[in-house]
file work_11.tsv (TSV, C-alpha atoms)
chain	number	residue	atom	x	y	z
A	195	MET	CA	-59.46	-69.62	-92.06
A	196	ALA	CA	-58.43	-66.09	-91.07
A	197	THR	CA	-55.98	-67.49	-88.52
A	198	GLU	CA	-54.53	-69.81	-91.14
A	199	LYS	CA	-54.00	-66.89	-93.55
A	200	VAL	CA	-52.18	-64.94	-90.84
A	201	ARG	CA	-49.94	-67.93	-90.09
A	202	GLN	CA	-49.12	-68.35	-93.76
A	203	LEU	CA	-48.35	-64.63	-94.09
A	204	LEU	CA	-46.02	-64.75	-91.09
A	205	SER	CA	-44.31	-67.83	-92.51
A	206	ARG	CA	-43.73	-66.07	-95.84
A	207	LEU	CA	-42.33	-62.99	-94.12
A	208	ALA	CA	-40.11	-65.16	-91.94
A	209	ALA	CA	-38.70	-66.75	-95.10
A	210	THR	CA	-38.11	-63.41	-96.86
A	211	PRO	CA	-34.38	-62.57	-97.19
A	212	ASP	CA	-33.29	-59.01	-96.56
A	213	ALA	CA	-32.48	-58.52	-100.24
A	214	ALA	CA	-36.12	-59.18	-101.17
A	215	VAL	CA	-37.66	-56.83	-98.60
A	216	PRO	CA	-37.96	-53.90	-101.08
A	217	ASP	CA	-40.25	-56.08	-103.22
A	218	LEU	CA	-42.76	-56.60	-100.41
A	219	PRO	CA	-46.02	-54.60	-100.22
A	220	LEU	CA	-45.70	-51.27	-98.41
A	221	LEU	CA	-47.82	-52.40	-95.46
A	222	HIS	CA	-45.54	-55.36	-94.88
A	223	ARG	CA	-42.39	-53.24	-95.09
A	224	ALA	CA	-43.67	-50.36	-93.02
A	225	LEU	CA	-45.57	-52.19	-90.29
A	226	LEU	CA	-45.28	-55.96	-90.14
A	227	LEU	CA	-41.52	-56.37	-90.60
A	228	PRO	CA	-40.62	-53.78	-87.92
A	229	LEU	CA	-43.03	-55.48	-85.51
A	230	LEU	CA	-41.57	-58.90	-86.26
A	231	SER	CA	-38.02	-57.57	-85.88
A	232	ALA	CA	-38.89	-56.02	-82.51
A	233	ALA	CA	-40.49	-59.28	-81.39
A	234	SER	CA	-37.37	-61.19	-82.47
A	235	ALA	CA	-35.21	-58.93	-80.33
A	236	LEU	CA	-37.51	-59.40	-77.34
A	237	LEU	CA	-37.75	-63.17	-77.74
A	238	ARG	CA	-34.06	-63.76	-78.32
A	239	LEU	CA	-33.11	-63.21	-74.68
A	240	PRO	CA	-35.62	-65.76	-73.27
A	241	LEU	CA	-34.52	-68.26	-75.94
A	242	LEU	CA	-30.90	-67.85	-74.98
A	243	ILE	CA	-31.73	-68.14	-71.28
A	244	LEU	CA	-33.70	-71.34	-71.86
A	245	SER	CA	-30.77	-72.86	-73.75
A	246	SER	CA	-28.13	-71.58	-71.33
A	247	PRO	CA	-25.70	-74.25	-70.02
A	248	LEU	CA	-25.85	-72.49	-66.63
A	249	ARG	CA	-29.42	-73.68	-66.00
A	250	PRO	CA	-29.72	-76.68	-63.66
A	251	ARG	CA	-29.99	-79.92	-65.63
A	252	ARG	CA	-31.30	-83.32	-64.65
A	253	THR	CA	-29.94	-86.72	-65.58
A	254	LEU	CA	-31.83	-89.91	-66.39
A	255	PRO	CA	-30.71	-93.43	-65.49
A	256	VAL	CA	-30.70	-94.34	-69.19
A	257	PRO	CA	-28.82	-92.80	-72.13
A	258	VAL	CA	-30.52	-89.78	-73.70
A	259	VAL	CA	-30.42	-89.00	-77.43
A	260	SER	CA	-31.65	-85.54	-78.40
A	261	VAL	CA	-33.01	-84.82	-81.88
A	262	GLY	CA	-33.40	-81.13	-82.59
A	263	ASN	CA	-32.57	-78.22	-84.87
A	264	LEU	CA	-31.71	-74.55	-85.05
A	265	THR	CA	-34.70	-73.53	-87.15
A	266	TRP	CA	-38.42	-74.19	-87.09
A	267	GLY	CA	-40.16	-76.73	-89.32
A	268	GLY	CA	-39.21	-79.04	-92.16
A	269	ASN	CA	-35.93	-80.37	-90.81
A	270	GLY	CA	-36.89	-84.02	-90.47
A	271	LYS	CA	-36.91	-84.29	-86.67
A	272	THR	CA	-39.97	-86.54	-86.42
A	273	PRO	CA	-38.82	-88.99	-89.15
A	274	MET	CA	-35.43	-89.20	-87.40
A	275	VAL	CA	-37.11	-89.92	-84.04
A	276	ASP	CA	-39.19	-92.61	-85.76
A	277	PHE	CA	-36.05	-94.05	-87.40
A	278	LEU	CA	-34.07	-94.16	-84.14
A	279	ALA	CA	-36.92	-95.69	-82.12
A	280	ARG	CA	-37.34	-98.52	-84.58
A	281	ARG	CA	-33.59	-99.16	-84.78
A	282	PHE	CA	-33.32	-99.32	-81.00
A	283	HIS	CA	-36.29	-101.70	-80.89
A	284	ASP	CA	-34.71	-103.91	-83.56
A	285	THR	CA	-31.56	-104.25	-81.44
A	286	GLY	CA	-33.55	-105.25	-78.37
A	287	ILE	CA	-33.52	-101.88	-76.60
A	288	SER	CA	-36.90	-100.44	-75.62
A	289	PRO	CA	-36.97	-96.68	-76.34
A	290	LEU	CA	-38.89	-93.93	-74.58
A	291	ILE	CA	-39.78	-90.95	-76.78
A	292	LEU	CA	-40.18	-87.70	-74.85
A	293	THR	CA	-42.13	-85.07	-76.75
A	294	ARG	CA	-43.80	-81.82	-75.82
A	295	GLY	CA	-46.88	-82.64	-77.91
A	296	TYR	CA	-47.40	-79.46	-79.94
A	297	ALA	CA	-50.45	-78.72	-82.09
A	298	GLY	CA	-52.91	-81.17	-80.62
A	299	GLY	CA	-50.32	-83.93	-80.55
A	300	ASP	CA	-50.42	-84.76	-84.27
A	301	GLU	CA	-46.78	-85.90	-84.30
A	302	SER	CA	-47.14	-88.06	-81.19
A	303	LYS	CA	-50.26	-89.69	-82.64
A	304	MET	CA	-48.39	-90.45	-85.85
A	305	LEU	CA	-45.47	-91.92	-83.90
A	306	ARG	CA	-47.84	-94.10	-81.88
A	307	ARG	CA	-49.40	-95.44	-85.06
A	308	ARG	CA	-46.11	-96.05	-86.86
A	309	LEU	CA	-44.38	-97.62	-83.85
A	310	ALA	CA	-47.35	-99.63	-82.57
A	311	ASP	CA	-45.57	-102.89	-83.47
A	312	THR	CA	-42.54	-102.03	-81.33
A	313	THR	CA	-41.81	-101.72	-77.60
A	314	THR	CA	-41.57	-97.93	-77.91
A	315	LYS	CA	-43.17	-95.87	-75.14
A	316	ILE	CA	-44.18	-92.23	-75.71
A	317	GLY	CA	-44.27	-89.65	-72.93
A	318	ILE	CA	-45.98	-86.33	-73.65
A	319	GLY	CA	-45.62	-83.11	-71.69
A	320	ALA	CA	-43.76	-79.80	-71.47
A	321	ASN	CA	-41.78	-80.92	-68.39
A	322	ARG	CA	-40.02	-83.80	-70.05
A	323	ALA	CA	-37.85	-84.58	-67.04
A	324	ALA	CA	-40.98	-85.11	-64.93
A	325	VAL	CA	-42.65	-87.14	-67.69
A	326	ALA	CA	-39.54	-89.30	-68.00
A	327	SER	CA	-39.50	-89.96	-64.26
A	328	LEU	CA	-43.12	-91.11	-64.33
A	329	MET	CA	-42.55	-93.37	-67.32
A	330	LEU	CA	-39.40	-94.87	-65.79
A	331	GLN	CA	-41.26	-95.56	-62.55
A	332	LYS	CA	-44.07	-97.23	-64.48
A	333	TYR	CA	-42.00	-99.43	-66.81
A	334	GLY	CA	-38.63	-99.66	-65.08
A	335	CYS	CA	-35.29	-99.15	-66.81
A	336	VAL	CA	-32.12	-100.96	-67.74
A	337	ASN	CA	-28.70	-99.88	-68.93
A	338	PRO	CA	-28.39	-101.18	-72.51
A	339	SER	CA	-24.66	-101.95	-72.14
A	340	ASP	CA	-25.42	-104.15	-69.12
A	341	ALA	CA	-28.74	-105.62	-70.20
A	342	PHE	CA	-27.86	-106.61	-73.76
A	343	PRO	CA	-24.41	-108.19	-73.90
A	344	ARG	CA	-23.61	-110.01	-77.13
A	345	GLU	CA	-24.29	-113.49	-75.74
A	346	LYS	CA	-27.80	-112.43	-74.63
A	347	LEU	CA	-28.76	-110.40	-77.71
A	348	SER	CA	-30.50	-113.28	-79.51
A	349	SER	CA	-32.75	-114.14	-76.56
A	350	THR	CA	-33.46	-110.44	-75.98
A	351	LEU	CA	-34.62	-109.98	-79.56
A	352	ASN	CA	-36.84	-113.05	-79.27
A	353	ARG	CA	-38.44	-111.57	-76.14
A	354	VAL	CA	-39.06	-108.25	-77.90
A	355	VAL	CA	-40.56	-109.90	-80.97
A	356	SER	CA	-42.84	-112.02	-78.83
A	357	GLY	CA	-44.49	-108.84	-77.53
A	358	THR	CA	-43.21	-108.84	-73.95
A	359	SER	CA	-42.96	-105.24	-72.74
A	360	ALA	CA	-39.27	-104.49	-72.19
A	361	LYS	CA	-37.91	-102.09	-69.64
A	362	ILE	CA	-36.80	-98.71	-70.99
A	363	GLY	CA	-33.21	-98.72	-72.20
A	364	VAL	CA	-32.86	-95.33	-73.90
A	365	ALA	CA	-34.70	-92.00	-74.03
A	366	ILE	CA	-35.15	-90.07	-77.28
A	367	LEU	CA	-35.74	-86.37	-76.74
A	368	ASP	CA	-37.92	-85.08	-79.59
A	369	ASP	CA	-37.19	-81.44	-80.52
A	370	GLY	CA	-34.69	-81.38	-77.69
A	371	MET	CA	-31.93	-79.00	-78.73
A	372	GLN	CA	-33.41	-76.00	-76.90
A	373	HIS	CA	-34.73	-78.18	-74.06
A	374	ARG	CA	-31.59	-78.00	-71.93
A	375	SER	CA	-33.10	-79.12	-68.63
A	376	LEU	CA	-32.16	-82.74	-69.42
A	377	LEU	CA	-28.58	-83.85	-69.89
A	378	ARG	CA	-28.09	-85.79	-73.08
A	379	ASP	CA	-25.47	-88.27	-74.24
A	380	VAL	CA	-25.86	-87.57	-77.95
A	381	GLU	CA	-27.03	-84.34	-79.61
A	382	ILE	CA	-28.31	-84.83	-83.17
A	383	VAL	CA	-29.01	-81.63	-85.08
A	384	MET	CA	-31.21	-81.81	-88.18
A	385	VAL	CA	-30.72	-79.28	-90.99
A	386	ASN	CA	-33.07	-78.70	-93.93
A	387	GLY	CA	-30.93	-79.08	-97.05
A	388	LEU	CA	-33.28	-76.86	-99.07
A	389	THR	CA	-33.54	-73.91	-96.65
A	390	PRO	CA	-30.92	-74.53	-93.98
A	391	TRP	CA	-30.94	-71.18	-92.15
A	392	GLY	CA	-33.78	-69.30	-93.84
A	393	ASN	CA	-33.10	-65.55	-93.79
A	394	SER	CA	-30.86	-65.97	-90.70
A	395	HIS	CA	-33.16	-63.86	-88.49
A	396	PHE	CA	-34.50	-65.06	-85.16
A	397	VAL	CA	-38.14	-66.03	-84.72
A	398	PRO	CA	-40.61	-64.57	-85.55
A	399	ARG	CA	-38.78	-62.40	-88.13
A	400	GLY	CA	-36.99	-65.50	-89.31
A	401	PRO	CA	-36.75	-69.23	-88.53
A	402	MET	CA	-33.66	-69.22	-86.29
A	403	ARG	CA	-34.14	-70.44	-82.72
A	404	GLU	CA	-30.46	-70.16	-81.79
A	405	PRO	CA	-27.36	-68.71	-83.46
A	406	LEU	CA	-25.18	-70.88	-85.69
A	407	SER	CA	-22.59	-71.04	-82.93
A	408	ALA	CA	-24.95	-73.46	-81.14
A	409	LEU	CA	-23.86	-76.09	-83.67
A	410	THR	CA	-20.76	-76.58	-81.52
A	411	ARG	CA	-22.99	-78.55	-79.12
A	412	ALA	CA	-23.84	-81.08	-81.83
A	413	ASP	CA	-22.41	-84.59	-81.80
A	414	ILE	CA	-23.96	-85.34	-85.18
A	415	VAL	CA	-25.36	-83.07	-87.90
A	416	VAL	CA	-27.79	-84.58	-90.42
A	417	ILE	CA	-28.63	-82.66	-93.60
A	418	HIS	CA	-32.18	-83.67	-94.50
A	419	HIS	CA	-33.71	-83.63	-98.02
A	420	ALA	CA	-30.15	-84.07	-99.29
A	421	ASP	CA	-31.46	-85.74	-102.45
A	422	LEU	CA	-33.30	-82.53	-103.40
A	423	ALA	CA	-30.38	-80.15	-102.83
A	424	SER	CA	-27.55	-79.52	-105.26
A	425	GLU	CA	-23.94	-80.46	-104.52
A	426	VAL	CA	-23.13	-76.76	-104.17
A	427	GLN	CA	-25.91	-76.30	-101.61
A	428	LEU	CA	-24.72	-79.30	-99.60
A	429	GLU	CA	-21.11	-78.12	-99.70
A	430	ASN	CA	-22.15	-74.65	-98.52
A	431	ILE	CA	-24.06	-76.14	-95.59
A	432	GLU	CA	-21.08	-78.28	-94.61
A	433	CYS	CA	-18.81	-75.23	-94.77
A	434	THR	CA	-21.20	-73.25	-92.57
A	435	VAL	CA	-21.23	-76.08	-90.02
A	436	GLN	CA	-17.44	-76.15	-89.98
A	437	ASP	CA	-17.15	-72.36	-89.82
A	438	SER	CA	-19.44	-72.34	-86.77
A	439	GLY	CA	-16.75	-74.24	-84.87
A	440	ALA	CA	-18.50	-77.63	-84.93
A	441	THR	CA	-16.18	-80.62	-85.29
A	442	CYS	CA	-18.82	-83.35	-85.48
A	443	PRO	CA	-19.50	-85.68	-88.44
A	444	VAL	CA	-22.08	-84.64	-91.03
A	445	PHE	CA	-24.51	-87.15	-92.53
A	446	PHE	CA	-27.20	-86.91	-95.20
A	447	SER	CA	-30.78	-88.18	-95.20
A	448	LYS	CA	-33.86	-88.31	-97.38
A	449	LEU	CA	-37.44	-89.53	-97.15
A	450	ALA	CA	-38.54	-92.44	-99.29
A	451	PRO	CA	-42.25	-93.36	-99.52
A	452	SER	CA	-42.97	-96.97	-98.60
A	453	HIS	CA	-46.74	-97.17	-99.14
A	454	ILE	CA	-49.98	-95.21	-98.90
A	455	PHE	CA	-53.15	-95.84	-96.93
A	456	GLU	CA	-56.67	-94.48	-96.74
A	457	VAL	CA	-56.99	-91.98	-93.91
A	458	ASN	CA	-59.82	-93.91	-92.25
A	459	GLN	CA	-58.01	-97.26	-92.66
A	460	PRO	CA	-54.38	-96.60	-91.66
A	461	LEU	CA	-53.52	-100.29	-91.14
A	462	GLN	CA	-54.37	-101.32	-94.71
A	463	ARG	CA	-51.30	-100.65	-96.83
A	464	LEU	CA	-51.63	-99.87	-100.51
A	465	PRO	CA	-48.76	-99.93	-103.04
A	466	LEU	CA	-47.52	-96.64	-104.44
A	467	LYS	CA	-48.46	-97.72	-107.96
A	468	VAL	CA	-52.16	-97.09	-107.22
A	469	LEU	CA	-51.41	-93.43	-108.02
A	470	ASP	CA	-50.31	-94.26	-111.57
A	471	GLY	CA	-52.43	-92.34	-114.03
A	472	MET	CA	-54.40	-90.53	-111.32
A	473	ILE	CA	-55.06	-86.83	-110.78
A	474	VAL	CA	-53.83	-86.08	-107.26
A	475	LEU	CA	-54.50	-83.18	-104.92
A	476	CYS	CA	-51.68	-82.98	-102.39
A	477	VAL	CA	-52.88	-81.47	-99.11
A	478	SER	CA	-50.15	-80.84	-96.56
A	479	ALA	CA	-49.55	-79.12	-93.25
A	480	ILE	CA	-45.83	-79.71	-92.85
A	481	GLY	CA	-42.71	-77.60	-92.61
A	482	CYS	CA	-41.37	-78.37	-96.10
A	483	PRO	CA	-44.26	-79.06	-98.52
A	484	ASP	CA	-42.04	-78.72	-101.62
A	485	ALA	CA	-40.21	-81.91	-100.66
A	486	PHE	CA	-43.55	-83.71	-100.30
A	487	ILE	CA	-44.72	-82.52	-103.73
A	488	ASN	CA	-41.44	-83.60	-105.31
A	489	THR	CA	-41.80	-87.08	-103.81
A	490	VAL	CA	-45.36	-87.51	-105.07
A	491	THR	CA	-44.36	-86.26	-108.52
A	492	GLU	CA	-41.73	-88.98	-108.82
A	493	ILE	CA	-44.34	-91.69	-108.12
A	494	GLY	CA	-46.07	-90.96	-111.41
A	495	PRO	CA	-49.57	-89.42	-111.25
A	496	ILE	CA	-50.59	-87.70	-114.48
A	497	LYS	CA	-51.39	-84.40	-112.75
A	498	ILE	CA	-50.78	-82.89	-109.32
A	499	ASP	CA	-52.44	-79.93	-107.66
A	500	ARG	CA	-51.44	-78.76	-104.21
A	501	LEU	CA	-53.04	-77.18	-101.18
A	502	ASP	CA	-50.48	-76.11	-98.58
A	503	PHE	CA	-51.42	-75.22	-95.02
A	504	SER	CA	-49.17	-73.95	-92.27
A	505	ASP	CA	-47.21	-76.48	-90.23
A	506	HIS	CA	-49.44	-78.53	-87.87
A	507	HIS	CA	-52.66	-77.08	-89.26
A	508	PHE	CA	-55.67	-78.79	-87.68
A	509	PHE	CA	-57.95	-80.48	-90.21
A	510	CYS	CA	-61.62	-81.03	-89.41
A	511	ASP	CA	-63.39	-84.25	-90.35
A	512	HIS	CA	-65.36	-83.98	-93.55
A	513	VAL	CA	-67.02	-86.12	-96.18
A	514	SER	CA	-65.42	-86.34	-99.60
A	515	GLY	CA	-66.47	-88.05	-102.79
A	516	SER	CA	-62.84	-88.99	-103.51
A	517	PRO	CA	-60.63	-91.34	-101.48
A	518	LEU	CA	-58.33	-89.64	-98.99
A	519	PHE	CA	-54.85	-91.16	-98.92
A	520	SER	CA	-51.90	-90.54	-96.64
A	521	PHE	CA	-48.27	-91.45	-97.23
A	522	SER	CA	-45.95	-93.47	-95.04
A	523	PHE	CA	-42.25	-92.68	-95.35
A	524	HIS	CA	-39.02	-94.35	-94.36
A	525	GLY	CA	-35.93	-92.29	-93.59
A	526	ARG	CA	-32.70	-93.12	-95.40
call {"tool": "encode", "arguments": {"input": "work_11.tsv", "output": "structure tokens"}}
result
Amino acid sequence: MATEKVRQLLSRLAATPDAAVPDLPLLHRALLLPLLSAASALLRLPLLILSSPLRPRRTLPVPVVSVGNLTWGGNGKTPMVDFLARRFHDTGISPLILTRGYAGGDESKMLRRRLADTTTKIGIGANRAAVASLMLQKYGCVNPSDAFPREKLSSTLNRVVSGTSAKIGVAILDDGMQHRSLLRDVEIVMVNGLTPWGNSHFVPRGPMREPLSALTRADIVVIHHADLASEVQLENIECTVQDSGATCPVFFSKLAPSHIFEVNQPLQRLPLKVLDGMIVLCVSAIGCPDAFINTVTEIGPIKIDRLDFSDHHFFCDHVSGSPLFSFSFHGR
């Protein structure tokens, strides 16, 4: 619990704008913020080196789509990876998701569960080029433009639906913007519509992993949680993207709950209406818990309490007298 409190404190400080610094406790102003600022300066150089275009980069024999961001947490990367994998599967192309597998692999486990009915493969490891090579050797690969011409699309879809394992046709690089060792064909950058750039400081003093000028590498920018942001907020984000020098299209996305399930029975779907008239405790360990709370509120429980943990917090198994539900979302 002490570690969790420290993580939450650091997250709050990282979200504190400069104008609000005078309102912080003296200890935070005099000690913690200077330490975080010094750490940001030290970490910025390695971050820039890791994302440098001068580093050697490897290519894969299949197209690579990178989904990433400029800031940590709450930008909708994992839902976008889920969305893309299912869309590729639906068009007869078997995707390979390459993920580092942070925090005990909670995101990869969720992706495996959600995409279990597709031909999606998931490769986990820090060296994603090496992981990709192993997965491609194991399953084989095809070029989607050659393997799925229009006249063969119907038979291809029938083969996929029947459960036959398809060769890999595309790689999806999860959290790939700063992972420059792999060349990519499409760079998708996710932006949190509620807190797009935080306090504009680099980690750990702030949430920025790269400067805004890195947006020029984007082929597509997606503003997530767009339904929760005002028109002025969305316009300001679009202006910032344009001012950075980026010339790519900007899209908007949101999360829509599809159903809920009991934690120990994830395959049994329950309708959202089961929450009608209930008192709900929302427990989360995600990058943007406010968006989660807003979504649950709209479903209609009579009262909501919340318990927010830091992103990727590890929950221990326990026994509860109340049912434990989890939500399943679809990106839109």
call {"tool": "residues_around", "arguments": {"input": "work_11.tsv", "residues": "Phe396 of chain A", "least_positions_apart": "2", "cutoff": "10 Å", "atoms": "all atoms listed in the file", "output": "ChimeraX atom specification"}}
result
/A:208,230-231,233-235,237-238,241,264-265,391-394,398-405
call {"tool": "closest_residue", "arguments": {"input": "work_11.tsv", "among": "A:Asp311, A:Asp413, A:Asp300, A:Glu429", "to": "Leu461 of chain A", "atoms": "all atoms listed in the file"}}
result
A:Asp311
call {"tool": "atom_distance", "arguments": {"input": "work_11.tsv", "atom1": "atom CA of Ser478 of chain A", "atom2": "atom CA of Val490 of chain A"}}
result
11.8 Å
call {"tool": "atom_distance", "arguments": {"input": "work_11.tsv", "atom1": "atom CA of Val426 of chain A", "atom2": "atom CA of Pro273 of chain A"}}
result
24.9 Å
call {"tool": "residues_around", "arguments": {"input": "work_11.tsv", "residues": "Ser327 of chain A", "least_positions_apart": "6", "cutoff": "12 Å", "atoms": "all atoms listed in the file", "output": "PyMOL selection string"}}
result
chain A and resi 252-256+290+292+317-319+321+333-335+362+365+376
call {"tool": "write_last_selection", "arguments": {"input": "work_11.tsv", "atoms": "C-alpha atoms", "output": "mmCIF file, in the frame of the given file"}}
result
data_model
loop_
_atom_site.group_PDB
_atom_site.id
_atom_site.type_symbol
_atom_site.label_atom_id
_atom_site.label_comp_id
_atom_site.auth_asym_id
_atom_site.auth_seq_id
_atom_site.Cartn_x
_atom_site.Cartn_y
_atom_site.Cartn_z
ATOM 1 C CA ARG A 252 -31.300 -83.320 -64.650
ATOM 2 C CA THR A 253 -29.940 -86.720 -65.580
ATOM 3 C CA LEU A 254 -31.830 -89.910 -66.390
ATOM 4 C CA PRO A 255 -30.710 -93.430 -65.490
ATOM 5 C CA VAL A 256 -30.700 -94.340 -69.190
ATOM 6 C CA LEU A 290 -38.890 -93.930 -74.580
ATOM 7 C CA LEU A 292 -40.180 -87.700 -74.850
ATOM 8 C CA GLY A 317 -44.270 -89.650 -72.930
ATOM 9 C CA ILE A 318 -45.980 -86.330 -73.650
ATOM 10 C CA GLY A 319 -45.620 -83.110 -71.690
ATOM 11 C CA ASN A 321 -41.780 -80.920 -68.390
ATOM 12 C CA TYR A 333 -42.000 -99.430 -66.810
ATOM 13 C CA GLY A 334 -38.630 -99.660 -65.080
ATOM 14 C CA CYS A 335 -35.290 -99.150 -66.810
ATOM 15 C CA ILE A 362 -36.800 -98.710 -70.990
ATOM 16 C CA ALA A 365 -34.700 -92.000 -74.030
ATOM 17 C CA LEU A 376 -32.160 -82.740 -69.420
#
call {"tool": "closest_residue", "arguments": {"input": "work_11.tsv", "among": "A:Gly262, A:Gly494, A:Pro216, A:Pro228", "to": "Ala408 of chain A", "atoms": "all atoms listed in the file"}}
result
A:Gly262
call {"tool": "closest_residue", "arguments": {"input": "work_11.tsv", "among": "A:Thr312, A:Pro240, A:Gly267, A:Glu432", "to": "Pro289 of chain A", "atoms": "only C-alpha atoms"}}
result
A:Thr312
call {"tool": "atom_distance", "arguments": {"input": "work_11.tsv", "atom1": "atom CA of Cys482 of chain A", "atom2": "atom CA of Asp505 of chain A"}}
result
8.5 Å
call {"tool": "residues_near_point", "arguments": {"input": "work_11.tsv", "point": "(-55.2, -80.3, -109.5)", "cutoff": "12 Å", "atoms": "all atoms listed in the file", "output": "PyMOL selection string"}}
result
chain A and resi 472-477+495-501
call {"tool": "residues_near_point", "arguments": {"input": "work_11.tsv", "point": "(-36.2, -89.1, -73.4)", "cutoff": "8 Å", "atoms": "all atoms listed in the file", "output": "ChimeraX atom specification"}}
result
/A:258-260,290-293,322-323,326,364-368
call {"tool": "closest_residue", "arguments": {"input": "work_11.tsv", "among": "A:Asn263, A:Ala324, A:Leu469, A:Gln462", "to": "Leu406 of chain A", "atoms": "all atoms listed in the file"}}
result
A:Asn263
call {"tool": "axis_aligned_box", "arguments": {"input": "work_11.tsv", "around": "segment 273-276 of chain A", "padding_each_side": "8 Å", "output": "JSON"}}
result
{"center_x": -37.3, "center_y": -90.8, "center_z": -86.6, "size_x": 19.8, "size_y": 19.6, "size_z": 21.1}
call {"tool": "decode", "arguments": {"input": "work_11.tsv", "residues": "segment 327-333 of chain A", "atoms": "all heavy atoms", "output": "PDB file, in the first residue's frame"}}
result
ATOM      1  N   SER A 327      10.131 -11.844 -35.279  1.00  0.00           N
ATOM      2  CA  SER A 327      10.825 -12.836 -36.098  1.00  0.00           C
ATOM      3  C   SER A 327      10.447 -14.253 -35.683  1.00  0.00           C
ATOM      4  O   SER A 327      10.193 -15.121 -36.529  1.00  0.00           O
ATOM      5  CB  SER A 327      12.336 -12.643 -35.997  1.00  0.00           C
ATOM      6  OG  SER A 327      12.724 -11.392 -36.526  1.00  0.00           O
ATOM      7  N   LEU A 328      10.384 -14.490 -34.367  1.00  0.00           N
ATOM      8  CA  LEU A 328      10.016 -15.814 -33.870  1.00  0.00           C
ATOM      9  C   LEU A 328       8.578 -16.171 -34.240  1.00  0.00           C
ATOM     10  O   LEU A 328       8.289 -17.303 -34.653  1.00  0.00           O
ATOM     11  CB  LEU A 328      10.195 -15.875 -32.354  1.00  0.00           C
ATOM     12  CG  LEU A 328      11.632 -15.831 -31.825  1.00  0.00           C
ATOM     13  CD1 LEU A 328      11.638 -15.745 -30.302  1.00  0.00           C
ATOM     14  CD2 LEU A 328      12.413 -17.061 -32.288  1.00  0.00           C
ATOM     15  N   MET A 329       7.676 -15.198 -34.089  1.00  0.00           N
ATOM     16  CA  MET A 329       6.276 -15.452 -34.404  1.00  0.00           C
ATOM     17  C   MET A 329       6.083 -15.681 -35.900  1.00  0.00           C
ATOM     18  O   MET A 329       5.288 -16.540 -36.313  1.00  0.00           O
ATOM     19  CB  MET A 329       5.416 -14.276 -33.928  1.00  0.00           C
ATOM     20  CG  MET A 329       5.448 -14.044 -32.426  1.00  0.00           C
ATOM     21  SD  MET A 329       4.648 -15.352 -31.473  1.00  0.00           S
ATOM     22  CE  MET A 329       2.922 -14.970 -31.737  1.00  0.00           C
ATOM     23  N   LEU A 330       6.806 -14.931 -36.728  1.00  0.00           N
ATOM     24  CA  LEU A 330       6.690 -15.098 -38.177  1.00  0.00           C
ATOM     25  C   LEU A 330       7.252 -16.444 -38.619  1.00  0.00           C
ATOM     26  O   LEU A 330       6.734 -17.075 -39.542  1.00  0.00           O
ATOM     27  CB  LEU A 330       7.399 -13.949 -38.883  1.00  0.00           C
ATOM     28  CG  LEU A 330       6.710 -12.583 -38.748  1.00  0.00           C
ATOM     29  CD1 LEU A 330       7.641 -11.459 -39.193  1.00  0.00           C
ATOM     30  CD2 LEU A 330       5.423 -12.554 -39.569  1.00  0.00           C
ATOM     31  N   GLN A 331       8.328 -16.881 -37.966  1.00  0.00           N
ATOM     32  CA  GLN A 331       8.869 -18.208 -38.272  1.00  0.00           C
ATOM     33  C   GLN A 331       7.879 -19.306 -37.882  1.00  0.00           C
ATOM     34  O   GLN A 331       7.747 -20.318 -38.578  1.00  0.00           O
ATOM     35  CB  GLN A 331      10.194 -18.415 -37.535  1.00  0.00           C
ATOM     36  CG  GLN A 331      11.345 -17.576 -38.062  1.00  0.00           C
ATOM     37  CD  GLN A 331      12.599 -17.736 -37.226  1.00  0.00           C
ATOM     38  OE1 GLN A 331      12.692 -18.639 -36.388  1.00  0.00           O
ATOM     39  NE2 GLN A 331      13.574 -16.852 -37.430  1.00  0.00           N
ATOM     40  N   LYS A 332       7.186 -19.102 -36.774  1.00  0.00           N
ATOM     41  CA  LYS A 332       6.267 -20.121 -36.275  1.00  0.00           C
ATOM     42  C   LYS A 332       5.005 -20.227 -37.121  1.00  0.00           C
ATOM     43  O   LYS A 332       4.549 -21.339 -37.442  1.00  0.00           O
ATOM     44  CB  LYS A 332       5.896 -19.798 -34.824  1.00  0.00           C
ATOM     45  CG  LYS A 332       4.932 -20.798 -34.199  1.00  0.00           C
ATOM     46  CD  LYS A 332       4.665 -20.463 -32.735  1.00  0.00           C
ATOM     47  CE  LYS A 332       3.709 -21.473 -32.111  1.00  0.00           C
ATOM     48  NZ  LYS A 332       3.443 -21.152 -30.673  1.00  0.00           N
ATOM     49  N   TYR A 333       4.426 -19.074 -37.488  1.00  0.00           N
ATOM     50  CA  TYR A 333       3.130 -19.082 -38.170  1.00  0.00           C
ATOM     51  C   TYR A 333       3.219 -18.808 -39.667  1.00  0.00           C
ATOM     52  O   TYR A 333       2.253 -19.052 -40.386  1.00  0.00           O
ATOM     53  CB  TYR A 333       2.198 -18.046 -37.526  1.00  0.00           C
ATOM     54  CG  TYR A 333       1.828 -18.369 -36.105  1.00  0.00           C
ATOM     55  CD1 TYR A 333       2.443 -17.706 -35.038  1.00  0.00           C
ATOM     56  CD2 TYR A 333       0.876 -19.333 -35.808  1.00  0.00           C
ATOM     57  CE1 TYR A 333       2.110 -17.996 -33.722  1.00  0.00           C
ATOM     58  CE2 TYR A 333       0.531 -19.623 -34.496  1.00  0.00           C
ATOM     59  CZ  TYR A 333       1.150 -18.958 -33.459  1.00  0.00           C
ATOM     60  OH  TYR A 333       0.817 -19.254 -32.166  1.00  0.00           O
TER      61      TYR A 333
END
